[in-house]
Every structure is written in C-alpha cells, then in structure tokens.
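Report on one structure; see the data block that follows.
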Amino acid sequence: MMTLLKHATVVNADGMIETDVLIDNGVITHVTPNIECFGAEVIDCDGKFVFPGFIDMHCHLREPGQTHKEDIESGSKAAIAGGFTTVCCMPNTTPPLDNAAMMNYVRSRSNACGNAEVYPIGCITRGQSGKELCEFGKMKAAGAIAVSDDGLPVSDGSVMLNALKYAKTFGLTVLSHSEDKSISGSGVVNAGENATVSGLRGIPKTAESAAVARDVLLAEEAGARLHVCHVSTAESVEIIRSAKKRGVAVTCETCPHYFAATDDEILSYNTNAKINPPLRSSEDVDAIIAGLTDGTIDVIATDHAPHHFDEKNKEFDYAPFGTVGLETAFAVAYTRLVLTEAIKPTDLCRLMSTMPATILGLSDRGRIEVGARADLVIVDPDAEFTVDAHSFKSKGKNSLFDGWRLNGKIVDVFVKGERKQI
C-alpha cells in the first residue's frame, strides 16, 4: 500500500519545508505540495514535524547471554517507540560479538523481529581482551557495521594502532571507548565537589580526555577513521575540535544525559545517575552544548544501557553503570536543545539522522528525498508528557529521566515504508 503524508513540515539537515510526502514500496517517491494519490493511506501531518528515521550508533541490546536485561526484540521495539529506525548494538554481550557467526545471529534476529533494523558492531579484540584482533573482514561480510570494544577500552596503544590500520583496509570505522582505567580506577562518579559531599569515589576527567588524546593521535598516525564514543568533558571536546582543524578523520558522539544533567543528580544516590563516563559539571555541560552547536560533536547517541531492577536497586558503589535512553533521547534533545534555541530542528536532524548515516555508510537513509528509503518519524513538537519508565517497551526501566517533563512526542514511525506500532 502507498502512504501519503499530507501537510508535513519535513525536516532535513539543510532545511525545513511544508510539503507532502508519498511512500510507495518502501521508498520515498514524491516530495512536493498538493499530492493527490487515489488508493493511498493518507495521514494528516498538519502541525507535525517529519524527520528521517533516527539512527542510534551506540546502544546495548544485551543479546545473547544477558536477556534478563534486554533482548533484540524488546530493544528494537523500544527503538521504534523513540523514533529510531536503525540501531547499532555494542558487542559486550555474553559471549561477545567477536566473529562472523555472531554477526549473522544479530542480523537474523533483527530480521525476525521486524522492528527497528539492528546492525551489530563487532569487537576490536577477541573476547574484548584487548590483545588479539578479530577478523574484521569476515565480520564485515557477515553484517558488522563498525568495530568497538565498548565497555572495555583497548588499553595497549600498539593494539589500538594496529586495529585502526586493519579497520582502514576494510573501510570500517573504529568506535572508541576512550578511558584510561589506570586513572578511573574504582571511581563511580565525577571527581569534584559532589563526589566529596556524597562520599563517593571520584573519576578524574583526565581518565577520558587523556585517552581521547591518545586515540586521536593514533588515528592521525594510521590515517584511519576514528569515532569517539560518549564524549562528556570540555577537554575532550577541545581535543576533538583541534584534531578536526588538523584534518584528522575523527568524529564523535555525546548522549542526552551529558547535555541535560549534571553530577548534582548523584547527591540523592539515585543509581540511575551512575553512568560511565559519569555525569559531569555544569561547565562540561556548557562545553558539550557548544560542541553540538559548532559541529565539533557530530552525533547524539543513546548509550542505551538496560539493567534489571534488582541490579540497580543496590548501594551506589555496587550498582552497575548505565541508563536507558532509546525512548527518551529525542524528547530530551528537543526540550533541552531546540526549545532553548541552542540548536534548530535541522541541527537535530543532522545529529540524530544525517551524520550517523554518513559515518556508518548508510547512504539510503538520513534524508527525506526522492529515492531514499522510507524510514520516517512523525513528531508532535507541541505535545508535552511526563516520562514514565514503567511504561517503556524496553525491559530496562533504569531511566535517569524518569519523571521528567518533556516536549516532543513520537506520533508515527515508518521503517521501509511500513507503519510500526509504537
């Protein structure tokens, strides 16, 4: 069946227009006002934004081996509820996603579930050991879209340098969890006044920024593509800004919790505020927003990290790191960035759709134009709602934003032209 979106405000990275959009056989066939098409399902989008489907470069779906936290079916349903039509799952599963068979498994499960499309990110090293490189070529042929040891940094610089060179031969991007574990140690929150007041062990900002500097220099040496995950400090933003000016092929992401919240959240000992990297100071938040505004930061990703209630319901020191984010990312970004006029809706499209598609080589999505795959999100920008984590599609209810009042509600989602249930 054909679908006709009438009176839509179409948002692309390079502009917004009032128009109609016709979808036929999973593809956008017309983007023009006053379309008439007999037999098409008509959806009135008056007063609504229509974005290209959001693409999450960084989430944790926990399958295989940790499905009490999340699985590909529940995670991909959560993605749809948040407007994400494509998601990339990190490899720190049990066992890790470190071979072609595991790539095939994730792609097969994605196809079977039929929600958001899921691409696996393969490990950099076997078993995330930080030692022996995986077979990047075989993993890519089986569906890996990038490589990362996220959750465990590649501490050995020579291994990381070889990984960057090896990935370059296969046209793969290395997604780096930039953390110096010898500095972060057993810390659980950002080092600073709030850590002292709360009595919780602090993680110095240099645990991130020193590792970012190393990885950027290694990428420059290798002439390879590097993508820095979950940037959270002012120093990291400046290192990446400087590297881009030198022509280094580096991109980076941040997450909604790093521009919407500070480490004040830890003062109530809310374990949903225990995140790695940790929530930072207001000065860091300002630097993250500046990086989003000037293009230093390329992507807003979720780092969706679901955990079972019993795992998070512990003393702060013993609870695992992580917050869920697939179902709140757009609304948090819209509320805290667009409504405050830090960025425009077109910038949000760039950060959540166009740049992720470009970095990952997904040339058929990330824009609303004739011939593009019909991955679309309809948003009511005026709708206000209170986040209720208990209603999430995700198995994980560990949301930092539970109870927050937000604007920008996902109304409809299309994947390859198929209307999905939210």
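Please note that chains go A, B, ... in the order of the structure tokens, that every chain numbers its residues from 1, and that ligands are numbered from 1 in the order shown.
If you count only C-alpha atoms and ignore residues fewer than 6 places along the chain from range 213-223 of chain A, what sits within 7 Å of it is Leu161, Leu164, Lys165, Ile239 and Val248 of chain A.
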Check your understanding: If you count only C-alpha atoms, which residues fall within 10 Å of Ile80 in chain A, apart from same-chain ones fewer than 6 positions away, as a ChimeraX atom specification?
Key -> /A:53-54,86-87,115-117,326-327,377,393,410,412-415,420-422
**Study point:** Met16 in chain A surroundings by only C-alpha atoms, 10 Å radius, close-in-sequence under 5 positions cut, as a ChimeraX atom specification
**Key:** /A:8-11,49-51,345-346
Give me, as an mmCIF file with C-alpha atoms, in the first residue's frame, all polymer residues having an atom no more than 10 Å from Ser399 in chain A, counting only C-alpha atoms and skipping those fewer than 5 positions away in the same chain.
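As a result, result_32.cif now contains:
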```cif
data_model
loop_
_atom_site.group_PDB
_atom_site.id
_atom_site.type_symbol
_atom_site.label_atom_id
_atom_site.label_comp_id
_atom_site.auth_asym_id
_atom_site.auth_seq_id
_atom_site.Cartn_x
_atom_site.Cartn_y
_atom_site.Cartn_z
ATOM 1 C CA THR A 271 21.733 4.703 40.914
ATOM 2 C CA ASN A 272 20.148 5.612 37.548
ATOM 3 C CA ALA A 273 22.589 8.543 37.660
ATOM 4 C CA HIS A 304 21.131 2.759 25.973
ATOM 5 C CA ALA A 305 22.255 0.502 28.842
ATOM 6 C CA PRO A 306 19.369 -1.513 30.310
ATOM 7 C CA HIS A 307 19.714 -3.347 33.612
ATOM 8 C CA GLY A 322 24.215 2.815 32.787
ATOM 9 C CA THR A 323 20.853 4.394 31.984
ATOM 10 C CA VAL A 324 18.326 3.515 29.291
ATOM 11 C CA GLY A 325 17.836 6.103 26.563
ATOM 12 C CA LEU A 326 16.143 4.883 23.390
ATOM 13 C CA GLU A 327 12.668 6.066 24.358
ATOM 14 C CA THR A 328 13.646 9.494 25.694
ATOM 15 C CA VAL A 387 8.421 10.256 31.361
ATOM 16 C CA ASP A 388 7.092 7.057 32.910
ATOM 17 C CA ALA A 389 9.823 4.428 32.821
ATOM 18 C CA HIS A 390 7.387 1.698 33.868
ATOM 19 C CA PHE A 392 8.753 1.625 28.427
#
```
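Around Glu369 in chain A, within 9 Å and counting only C-alpha atoms, the residues found are Asn12, Val21, Ile28, Thr29, His30 and Val31 of chain A, once anything fewer than 5 positions away on its own chain is removed.
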Exercise for review: Find the residues around Ser155 in chain A up to 8 Å (only C-alpha atoms counted), leave out those fewer than 3 positions away in its own chain, and share them as a list of chain:residue names.
Suggested key: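 Using only C-alpha atoms, the neighbours found are A:Gly130, A:Met160, A:Asp180, A:Lys181.
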Write the residues of the preceding selection, restricted to N, CA, C and O atoms, as a compact mmCIF listing (two decimals), in the first residue's frame.
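What landed in part-v5.txt:
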```
# COMPACT_ATOMS: atom_id res chain seq x y z
N GLY A 130 41.52 -7.08 24.62
CA GLY A 130 42.50 -6.02 24.38
C GLY A 130 43.80 -6.52 23.80
O GLY A 130 44.78 -5.77 23.75
N MET A 160 45.74 -0.82 19.60
CA MET A 160 44.80 0.16 19.05
C MET A 160 45.29 0.70 17.71
O MET A 160 44.51 0.85 16.77
N ASP A 180 41.07 5.75 30.30
CA ASP A 180 42.29 5.21 30.91
C ASP A 180 41.92 4.63 32.25
O ASP A 180 41.69 5.35 33.23
N LYS A 181 41.82 3.29 32.30
CA LYS A 181 41.36 2.61 33.51
C LYS A 181 42.32 2.79 34.68
O LYS A 181 41.92 2.69 35.84
```
Check your understanding: Got a sec: who's within 6 Å of range 225-230 of chain A, counting only C-alpha atoms, leaving out chain neighbours fewer than 3 positions off, as a list in words?
Key -> Thr173, Val174, Leu175, Ser176, His177, Ala249, Val250, Thr251, Cys252, Glu253 and Thr254 of chain A
Write the residues you've just listed into a file as a PDB file, in the first residue's frame, and include C-alpha atoms for each of them.
```
ATOM      1  CA  THR A 173      35.204   2.855  11.468  1.00  0.00           C
ATOM      2  CA  VAL A 174      36.649   2.169  14.918  1.00  0.00           C
ATOM      3  CA  LEU A 175      34.329   3.286  17.724  1.00  0.00           C
ATOM      4  CA  SER A 176      36.491   4.029  20.722  1.00  0.00           C
ATOM      5  CA  HIS A 177      35.574   3.760  24.377  1.00  0.00           C
ATOM      6  CA  ALA A 249      39.347  11.765  10.264  1.00  0.00           C
ATOM      7  CA  VAL A 250      37.728  11.846  13.692  1.00  0.00           C
ATOM      8  CA  THR A 251      34.045  12.061  14.569  1.00  0.00           C
ATOM      9  CA  CYS A 252      32.384  11.811  17.946  1.00  0.00           C
ATOM     10  CA  GLU A 253      29.133  11.459  19.788  1.00  0.00           C
ATOM     11  CA  THR A 254      27.615  12.567  23.048  1.00  0.00           C
TER      12      THR A 254
END
```
**Study point:** Residue with smallest distance to Gln66 in chain A - pool A:Ala13, A:Asn276, A:Met102, A:Thr94, counting only C-alpha atoms
**Key:** A:Thr94
